[in-house]
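Dropping start33.cif in here (mmCIF, C-alpha atoms and all ligand atoms):
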```
data_start
#
loop_
_atom_site.label_atom_id
_atom_site.label_comp_id
_atom_site.auth_asym_id
_atom_site.auth_seq_id
_atom_site.Cartn_x
_atom_site.Cartn_y
_atom_site.Cartn_z
CA MET X 1 51.84 41.17 -9.15
CA SER X 2 55.43 41.21 -7.86
CA ASP X 3 53.94 39.82 -4.63
CA GLN X 4 53.25 36.61 -6.48
CA LYS X 5 56.81 36.55 -7.78
CA GLY X 6 58.11 36.87 -4.23
CA ARG X 7 55.76 34.15 -3.06
CA ARG X 8 56.97 31.81 -5.79
CA GLU X 9 60.59 32.49 -4.90
CA ALA X 10 59.97 31.89 -1.20
CA LEU X 11 58.05 28.68 -1.90
CA SER X 12 60.75 27.53 -4.27
CA ALA X 13 63.44 28.10 -1.60
CA SER X 14 61.44 26.20 1.05
CA ILE X 15 60.79 23.26 -1.23
CA GLU X 16 64.44 23.12 -2.24
CA THR X 17 65.56 23.11 1.38
CA TYR X 18 63.13 20.28 2.07
CA LEU X 19 64.28 18.26 -0.94
CA ASP X 20 67.91 18.80 0.07
CA LEU X 21 67.17 17.51 3.57
CA ILE X 22 65.55 14.39 2.15
CA GLY X 23 68.47 13.94 -0.23
CA GLU X 24 70.95 14.24 2.62
CA ALA X 25 68.98 11.82 4.79
CA GLU X 26 68.85 9.31 1.95
CA ALA X 27 72.58 9.71 1.39
CA VAL X 28 73.27 9.06 5.08
CA ILE X 29 71.09 5.93 5.01
CA ALA X 30 72.78 4.71 1.86
CA GLY X 31 76.17 5.59 3.28
CA LYS X 32 77.04 7.72 0.30
CA PRO X 33 78.17 11.32 0.00
CA TYR X 34 75.36 13.76 -0.86
CA THR X 35 75.66 15.91 -3.95
CA LYS X 36 73.20 18.75 -4.21
CA GLU X 37 70.76 18.40 -7.07
CA GLU X 38 69.23 20.99 -9.36
CA TRP X 39 65.45 20.87 -9.20
CA ASP X 40 63.00 22.14 -11.79
CA LEU X 41 60.16 23.26 -9.57
CA SER X 42 58.20 25.22 -12.16
CA THR X 43 55.40 22.66 -12.47
CA ILE X 44 54.72 22.38 -8.77
CA LEU X 45 55.04 26.15 -8.39
CA ASP X 46 52.48 26.67 -11.15
CA VAL X 47 50.07 24.61 -9.06
CA LEU X 48 50.89 26.09 -5.65
CA ALA X 49 51.28 29.70 -6.77
CA PRO X 50 50.02 30.10 -10.33
CA PRO X 51 51.66 32.92 -12.26
CA PRO X 52 49.36 35.91 -12.62
CA LEU X 53 46.96 35.72 -15.55
CA ASP X 54 47.37 38.28 -18.26
CA LEU X 55 43.78 39.44 -18.48
CA ASP X 56 44.44 41.15 -21.78
CA SER X 57 45.53 37.92 -23.45
CA ILE X 58 43.42 35.09 -24.78
CA ASP X 59 45.03 32.70 -22.30
CA GLY X 60 43.85 34.75 -19.37
CA ALA X 61 40.31 35.30 -20.61
CA ASN X 62 37.14 33.78 -19.23
CA LEU X 63 34.29 32.97 -21.63
CA ARG X 64 32.72 36.41 -21.33
CA VAL X 65 35.99 38.23 -21.97
CA LEU X 66 36.87 35.84 -24.77
CA GLU X 67 33.53 36.52 -26.45
CA ALA X 68 34.21 40.25 -26.26
CA MET X 69 37.64 39.71 -27.82
CA VAL X 70 36.08 37.80 -30.69
CA ALA X 71 33.41 40.46 -31.17
CA SER X 72 36.08 43.05 -31.91
CA CYS X 73 38.52 40.74 -33.72
CA SER X 74 40.05 41.62 -37.05
CA LYS X 75 42.82 39.04 -37.16
CA CYS X 76 41.73 37.70 -40.55
CA ARG X 77 39.88 38.86 -43.65
CA LEU X 78 36.64 37.18 -42.58
CA CYS X 79 35.99 40.17 -40.33
CA GLU X 80 35.28 42.23 -43.44
CA GLY X 81 32.13 40.45 -44.55
CA ARG X 82 30.58 39.54 -41.21
CA THR X 83 27.37 40.97 -39.81
CA MET X 84 27.94 39.47 -36.38
CA THR X 85 30.62 37.29 -34.90
CA VAL X 86 29.33 33.90 -33.77
CA PHE X 87 31.21 33.00 -30.63
CA GLY X 88 29.31 29.89 -29.61
CA GLU X 89 26.93 29.12 -26.76
CA GLY X 90 25.79 26.53 -24.30
CA SER X 91 26.73 25.00 -20.99
CA ALA X 92 30.13 25.29 -19.39
CA PRO X 93 31.21 22.85 -18.20
CA ALA X 94 29.63 20.68 -20.89
CA ARG X 95 29.17 16.99 -21.45
CA VAL X 96 29.58 17.45 -25.19
CA MET X 97 31.21 20.27 -27.12
CA VAL X 98 29.99 20.28 -30.70
CA ILE X 99 32.29 22.02 -33.17
CA GLY X 100 31.20 22.98 -36.68
CA GLU X 101 32.88 24.87 -39.45
CA GLY X 102 31.75 28.47 -39.32
CA PRO X 103 28.67 30.68 -39.36
CA GLY X 104 26.30 30.51 -42.31
CA TYR X 105 23.74 33.07 -43.41
CA GLU X 106 21.36 32.72 -40.44
CA GLU X 107 24.15 32.51 -37.90
CA ASP X 108 25.84 35.62 -39.25
CA LYS X 109 22.54 37.51 -38.93
CA SER X 110 21.71 36.29 -35.42
CA GLY X 111 25.15 35.89 -33.85
CA ARG X 112 24.23 32.37 -32.72
CA PRO X 113 25.71 29.04 -33.90
CA PHE X 114 23.67 26.43 -35.75
CA VAL X 115 20.34 28.21 -35.94
CA GLY X 116 19.59 27.58 -39.64
CA LYS X 117 18.45 24.35 -41.30
CA ALA X 118 21.65 22.52 -40.37
CA GLY X 119 21.15 23.69 -36.81
CA GLU X 120 17.62 22.37 -36.63
CA TYR X 121 18.85 19.05 -37.91
CA LEU X 122 21.70 19.04 -35.38
CA GLU X 123 19.17 19.62 -32.61
CA SER X 124 17.27 16.54 -33.70
CA TRP X 125 20.50 14.55 -33.61
CA LEU X 126 21.15 15.68 -30.05
CA LYS X 127 17.58 14.83 -29.06
CA SER X 128 17.99 11.34 -30.48
CA ILE X 129 20.65 10.72 -27.83
CA HIS X 130 18.68 12.52 -25.10
CA LEU X 131 20.73 15.71 -25.19
CA ASP X 132 19.46 19.26 -25.42
CA ARG X 133 21.53 22.00 -27.05
CA MET X 134 20.99 24.25 -24.06
CA GLN X 135 21.67 21.66 -21.38
CA GLY X 136 25.06 20.08 -21.00
CA VAL X 137 25.97 20.90 -24.58
CA TYR X 138 28.19 23.68 -25.90
CA ILE X 139 28.19 24.56 -29.59
CA ALA X 140 30.98 26.41 -31.37
CA ASN X 141 32.72 26.69 -34.71
CA ILE X 142 36.25 26.65 -36.08
CA VAL X 143 35.92 30.22 -37.39
CA LYS X 144 33.75 32.80 -35.69
CA CYS X 145 32.97 34.91 -38.78
CA ARG X 146 31.02 33.85 -41.85
CA PRO X 147 33.11 33.08 -44.93
CA PRO X 148 31.73 34.79 -48.05
CA ASN X 149 29.09 32.63 -49.78
CA ASN X 150 29.75 29.93 -47.18
CA ARG X 151 33.02 28.94 -48.82
CA ASP X 152 35.39 26.78 -46.76
CA PRO X 153 37.45 28.81 -44.32
CA GLN X 154 41.02 29.00 -45.63
CA THR X 155 44.07 27.74 -43.78
CA ASP X 156 45.25 31.16 -42.62
CA GLU X 157 41.74 32.07 -41.46
CA ARG X 158 41.41 28.85 -39.47
CA GLU X 159 44.84 29.41 -37.95
CA ALA X 160 44.02 33.00 -37.04
CA CYS X 161 40.85 31.94 -35.25
CA MET X 162 42.24 28.82 -33.54
CA PRO X 163 43.50 30.44 -30.31
CA TYR X 164 39.91 31.44 -29.48
CA LEU X 165 38.64 27.90 -29.92
CA LEU X 166 41.51 26.41 -27.94
CA ARG X 167 40.80 28.68 -24.99
CA GLN X 168 37.08 28.01 -25.40
CA ILE X 169 37.66 24.26 -25.10
CA GLN X 170 39.81 24.80 -22.01
CA LEU X 171 37.03 26.81 -20.41
CA VAL X 172 34.14 24.58 -21.50
CA LYS X 173 35.97 21.46 -20.26
CA PRO X 174 33.84 19.05 -22.30
CA GLN X 175 33.77 15.37 -21.43
CA LEU X 176 33.72 14.68 -25.16
CA ILE X 177 34.15 16.68 -28.38
CA LEU X 178 31.97 16.02 -31.42
CA LEU X 179 33.46 17.35 -34.65
CA LEU X 180 31.04 18.02 -37.49
CA GLY X 181 32.42 17.75 -40.99
CA ARG X 182 35.77 17.85 -42.69
CA THR X 183 36.86 21.36 -41.75
CA ALA X 184 36.33 20.83 -38.02
CA ALA X 185 37.87 17.35 -38.06
CA GLN X 186 40.92 18.24 -40.11
CA THR X 187 41.61 21.45 -38.22
CA LEU X 188 41.34 20.15 -34.68
CA LEU X 189 42.89 16.75 -35.31
CA ASN X 190 45.54 18.28 -37.56
CA THR X 191 45.11 15.72 -40.34
CA GLU X 192 44.41 15.60 -44.07
CA GLN X 193 42.10 12.62 -43.77
CA GLY X 194 38.44 12.93 -44.64
CA VAL X 195 35.42 12.29 -42.43
CA GLY X 196 34.95 8.84 -43.94
CA ALA X 197 38.38 7.78 -42.69
CA LEU X 198 38.17 9.55 -39.34
CA ARG X 199 34.70 8.55 -38.18
CA GLY X 200 33.78 5.27 -36.56
CA ARG X 201 36.27 5.40 -33.67
CA TYR X 202 37.36 7.59 -30.79
CA HIS X 203 40.19 10.04 -31.23
CA ARG X 204 41.82 12.01 -28.48
CA TRP X 205 42.61 15.68 -28.32
CA GLN X 206 44.68 16.77 -25.32
CA GLY X 207 43.24 13.89 -23.37
CA ILE X 208 39.63 14.62 -24.34
CA PRO X 209 37.85 11.90 -26.36
CA VAL X 210 36.78 13.07 -29.81
CA VAL X 211 34.15 11.68 -32.19
CA VAL X 212 34.07 12.77 -35.84
CA THR X 213 30.93 12.67 -37.95
CA TYR X 214 29.47 14.24 -41.08
CA HIS X 215 28.27 17.83 -41.08
CA PRO X 216 24.47 18.08 -40.78
CA ALA X 217 24.38 20.20 -43.95
CA ALA X 218 26.14 17.39 -45.83
CA VAL X 219 23.73 14.83 -44.41
CA LEU X 220 20.76 16.95 -45.51
CA ARG X 221 22.19 16.79 -49.04
CA ASN X 222 22.76 13.05 -48.96
CA THR X 223 20.48 11.62 -46.30
CA ALA X 224 20.13 8.18 -47.86
CA GLU X 225 23.82 7.40 -47.52
CA LEU X 226 24.93 9.40 -44.50
CA ARG X 227 22.07 8.98 -42.04
CA ARG X 228 23.16 5.58 -40.84
CA PRO X 229 26.85 6.37 -40.20
CA VAL X 230 25.84 9.52 -38.32
CA TRP X 231 23.51 7.50 -36.13
CA GLU X 232 26.36 5.10 -35.36
CA ASP X 233 28.57 8.03 -34.44
CA LEU X 234 25.88 9.49 -32.20
CA LYS X 235 25.53 6.15 -30.48
CA ARG X 236 29.28 6.25 -29.86
CA VAL X 237 28.87 9.65 -28.19
CA ALA X 238 26.01 8.34 -26.05
CA ALA X 239 27.97 5.23 -25.11
CA TYR X 240 30.92 7.24 -23.88
CA LEU X 241 28.68 9.51 -21.83
CA GLY X 242 26.79 6.58 -20.38
CA ILE X 243 23.49 7.66 -21.94
CA GLU X 244 21.07 4.73 -22.21
CA LEU X 245 19.27 4.72 -25.54
CA GLY X 246 17.02 1.73 -25.05
CA ARG X 247 16.20 -0.25 -28.12
N1 LIG S 1 27.26 25.33 -40.13
C1 LIG S 1 28.32 25.38 -39.29
O1 LIG S 1 29.33 24.74 -39.48
N2 LIG S 1 28.21 26.16 -38.21
C2 LIG S 1 27.13 26.87 -37.92
O2 LIG S 1 27.12 27.54 -36.88
C3 LIG S 1 26.04 26.79 -38.80
C4 LIG S 1 26.13 26.02 -39.90
FE1 LIG S 2 38.91 37.04 -35.90
FE2 LIG S 2 38.16 34.50 -36.20
FE3 LIG S 2 36.66 36.44 -37.19
FE4 LIG S 2 38.99 35.87 -38.33
S1 LIG S 2 37.21 34.53 -38.21
S2 LIG S 2 38.21 37.91 -37.83
S3 LIG S 2 40.21 35.35 -36.55
S4 LIG S 2 37.09 36.08 -35.04
#
```
Translate this file's structure into structure tokens.
Amino acid sequence: MSDQKGRREALSASIETYLDLIGEAEAVIAGKPYTKEEWDLSTILDVLAPPPLDLDSIDGANLRVLEAMVASCSKCRLCEGRTMTVFGEGSAPARVMVIGEGPGYEEDKSGRPFVGKAGEYLESWLKSIHLDRMQGVYIANIVKCRPPNNRDPQTDEREACMPYLLRQIQLVKPQLILLLGRTAAQTLLNTEQGVGALRGRYHRWQGIPVVVTYHPAAVLRNTAELRRPVWEDLKRVAAYLGIELGR
């Protein structure tokens, strides 16, 4: 690993020499005296000679390693009641990354996201815009362990679990993120606003377009009112991805 440090230092010295030469040449052309500048080369060095990854840290993990980290995680109290952790699954890279709240009963038993009633409904949503949960789609949750009696995950639990999701998004590189329900929307977008206020437009998270819609479980409870807005939101997802829906 010290090899890489030496390489970075050598590169840094070469680039500085080069920049100095250009600076001197420019000074000569401008007929001015040259004063040596201080350069911050860290960004270009990170590209040319990336610092070694810490494979034991979340930031250095690939999806497989990250999943193993989650499987043995006890960073919050939700670890106590879980049967299985639910890391998430799907394609990486993905066209859409769907993010829900946290595992429910079925998910906790199976270790897979969105496999209960809400999951079935979500699958039909994806189908309606010609997407398949196993093709080009990645599905994950804000928290990876089931909250007792499906209560909302608390702030400290969401915060404890967030680094996993952040790394997951980095690795999944979705073209678009679809946030399902209040917990997902408020946590990722760091806002107190509800779904009603957040849906109906594109947001951006670290450059990635984000669409917010209602949680399928909520829509199952209030189909009459929520079906139509969800369909509009799904059309927004399709539009961004260039998926033709016909009429
Ligand atoms: N609800 C969620 O938010 N996530 C799941 O994985 C299942 C149900
Ligand atoms: Fe760890 Fe997340 Fe499970 Fe809490 S919910 S124990 S932070 S994996």
Protein and nucleic residues near ligand LIG 2 (chain S), 9 Å, all atoms listed in the file, as a PyMOL selection string: chain X and resi 69-80+82+85-87+102+142-147+153+156-164
Residue list as a ChimeraX atom specification for point (30.5, 22.0, -30.8), cut-off 12 Å, only C-alpha atoms: /X:87-92,94-102,113-114,119,122-123,126,133-134,136-143,165,168-169,172-181,184-185,188,210-213,215
How would the residues just chosen look if you wrote them out with C-alpha atoms as an mmCIF file, keeping the file's coordinate frame?
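Heads up, here's the output in part-v2.cif:
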```
data_model
loop_
_atom_site.group_PDB
_atom_site.id
_atom_site.type_symbol
_atom_site.label_atom_id
_atom_site.label_comp_id
_atom_site.auth_asym_id
_atom_site.auth_seq_id
_atom_site.Cartn_x
_atom_site.Cartn_y
_atom_site.Cartn_z
ATOM 1 C CA PHE X 87 31.210 33.000 -30.630
ATOM 2 C CA GLY X 88 29.310 29.890 -29.610
ATOM 3 C CA GLU X 89 26.930 29.120 -26.760
ATOM 4 C CA GLY X 90 25.790 26.530 -24.300
ATOM 5 C CA SER X 91 26.730 25.000 -20.990
ATOM 6 C CA ALA X 92 30.130 25.290 -19.390
ATOM 7 C CA ALA X 94 29.630 20.680 -20.890
ATOM 8 C CA ARG X 95 29.170 16.990 -21.450
ATOM 9 C CA VAL X 96 29.580 17.450 -25.190
ATOM 10 C CA MET X 97 31.210 20.270 -27.120
ATOM 11 C CA VAL X 98 29.990 20.280 -30.700
ATOM 12 C CA ILE X 99 32.290 22.020 -33.170
ATOM 13 C CA GLY X 100 31.200 22.980 -36.680
ATOM 14 C CA GLU X 101 32.880 24.870 -39.450
ATOM 15 C CA GLY X 102 31.750 28.470 -39.320
ATOM 16 C CA PRO X 113 25.710 29.040 -33.900
ATOM 17 C CA PHE X 114 23.670 26.430 -35.750
ATOM 18 C CA GLY X 119 21.150 23.690 -36.810
ATOM 19 C CA LEU X 122 21.700 19.040 -35.380
ATOM 20 C CA GLU X 123 19.170 19.620 -32.610
ATOM 21 C CA LEU X 126 21.150 15.680 -30.050
ATOM 22 C CA ARG X 133 21.530 22.000 -27.050
ATOM 23 C CA MET X 134 20.990 24.250 -24.060
ATOM 24 C CA GLY X 136 25.060 20.080 -21.000
ATOM 25 C CA VAL X 137 25.970 20.900 -24.580
ATOM 26 C CA TYR X 138 28.190 23.680 -25.900
ATOM 27 C CA ILE X 139 28.190 24.560 -29.590
ATOM 28 C CA ALA X 140 30.980 26.410 -31.370
ATOM 29 C CA ASN X 141 32.720 26.690 -34.710
ATOM 30 C CA ILE X 142 36.250 26.650 -36.080
ATOM 31 C CA VAL X 143 35.920 30.220 -37.390
ATOM 32 C CA LEU X 165 38.640 27.900 -29.920
ATOM 33 C CA GLN X 168 37.080 28.010 -25.400
ATOM 34 C CA ILE X 169 37.660 24.260 -25.100
ATOM 35 C CA VAL X 172 34.140 24.580 -21.500
ATOM 36 C CA LYS X 173 35.970 21.460 -20.260
ATOM 37 C CA PRO X 174 33.840 19.050 -22.300
ATOM 38 C CA GLN X 175 33.770 15.370 -21.430
ATOM 39 C CA LEU X 176 33.720 14.680 -25.160
ATOM 40 C CA ILE X 177 34.150 16.680 -28.380
ATOM 41 C CA LEU X 178 31.970 16.020 -31.420
ATOM 42 C CA LEU X 179 33.460 17.350 -34.650
ATOM 43 C CA LEU X 180 31.040 18.020 -37.490
ATOM 44 C CA GLY X 181 32.420 17.750 -40.990
ATOM 45 C CA ALA X 184 36.330 20.830 -38.020
ATOM 46 C CA ALA X 185 37.870 17.350 -38.060
ATOM 47 C CA LEU X 188 41.340 20.150 -34.680
ATOM 48 C CA VAL X 210 36.780 13.070 -29.810
ATOM 49 C CA VAL X 211 34.150 11.680 -32.190
ATOM 50 C CA VAL X 212 34.070 12.770 -35.840
ATOM 51 C CA THR X 213 30.930 12.670 -37.950
ATOM 52 C CA HIS X 215 28.270 17.830 -41.080
#
```
List the neighbours of X:Pro33 out to 10 Å using only C-alpha atoms; skip same-chain residues closer than 6 positions along the sequence, and give me the result as a JSON list (two decimals) with C-alpha atoms, in the frame of the given file.
```json
[["chain", "number", "residue", "atom", "x", "y", "z"],
["X", 24, "GLU", "CA", 70.95, 14.24, 2.62],
["X", 26, "GLU", "CA", 68.85, 9.31, 1.95],
["X", 27, "ALA", "CA", 72.58, 9.71, 1.39]]
```
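Atom to atom, atom CA of X:Arg201 and atom C3 of ligand LIG 1 (chain S) stand 24.3 Å apart.
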Å distance separating atom CA of X:Tyr214 from atom CA of X:Gln193, one decimal place: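 Between atom CA of X:Tyr214 and atom CA of X:Gln193 the gap is 13.0 Å.
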Gap from atom CA of X:Ala217 to atom CA of X:Ala118 - Å, one decimal: 5.1 Å
Residue with smallest distance to X:Pro50 - pool X:Arg8, X:Gln154, X:Pro103, X:Tyr121, counting all atoms listed in the file: X:Arg8
Residues within 10 Å of X:Glu232, all atoms listed in the file, excluding chain neighbours under 4 positions, as a list in words: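 Within the cut-off, the hits are Arg199, Gly200, Thr213, Arg227, Arg228, Arg236, Val237 and Ala238 of chain X.
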From X:Ala30, X:Leu234, X:Leu21, X:Leu220, residue lying nearest ligand LIG 1 (chain S) [all atoms listed in the file]: X:Leu220
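Using all atoms listed in the file for every distance, the candidate list X:Asp233, X:Glu106, X:Glu192, X:Glu225 yields X:Glu106 as the residue closest to ligand LIG 1 (chain S).
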Test item: which residues lie within 10 Å of (66.2, 24.3, -2.6) counting all atoms listed in the file, as a VMD selection string: chain X and resid 10 to 21 36 to 41
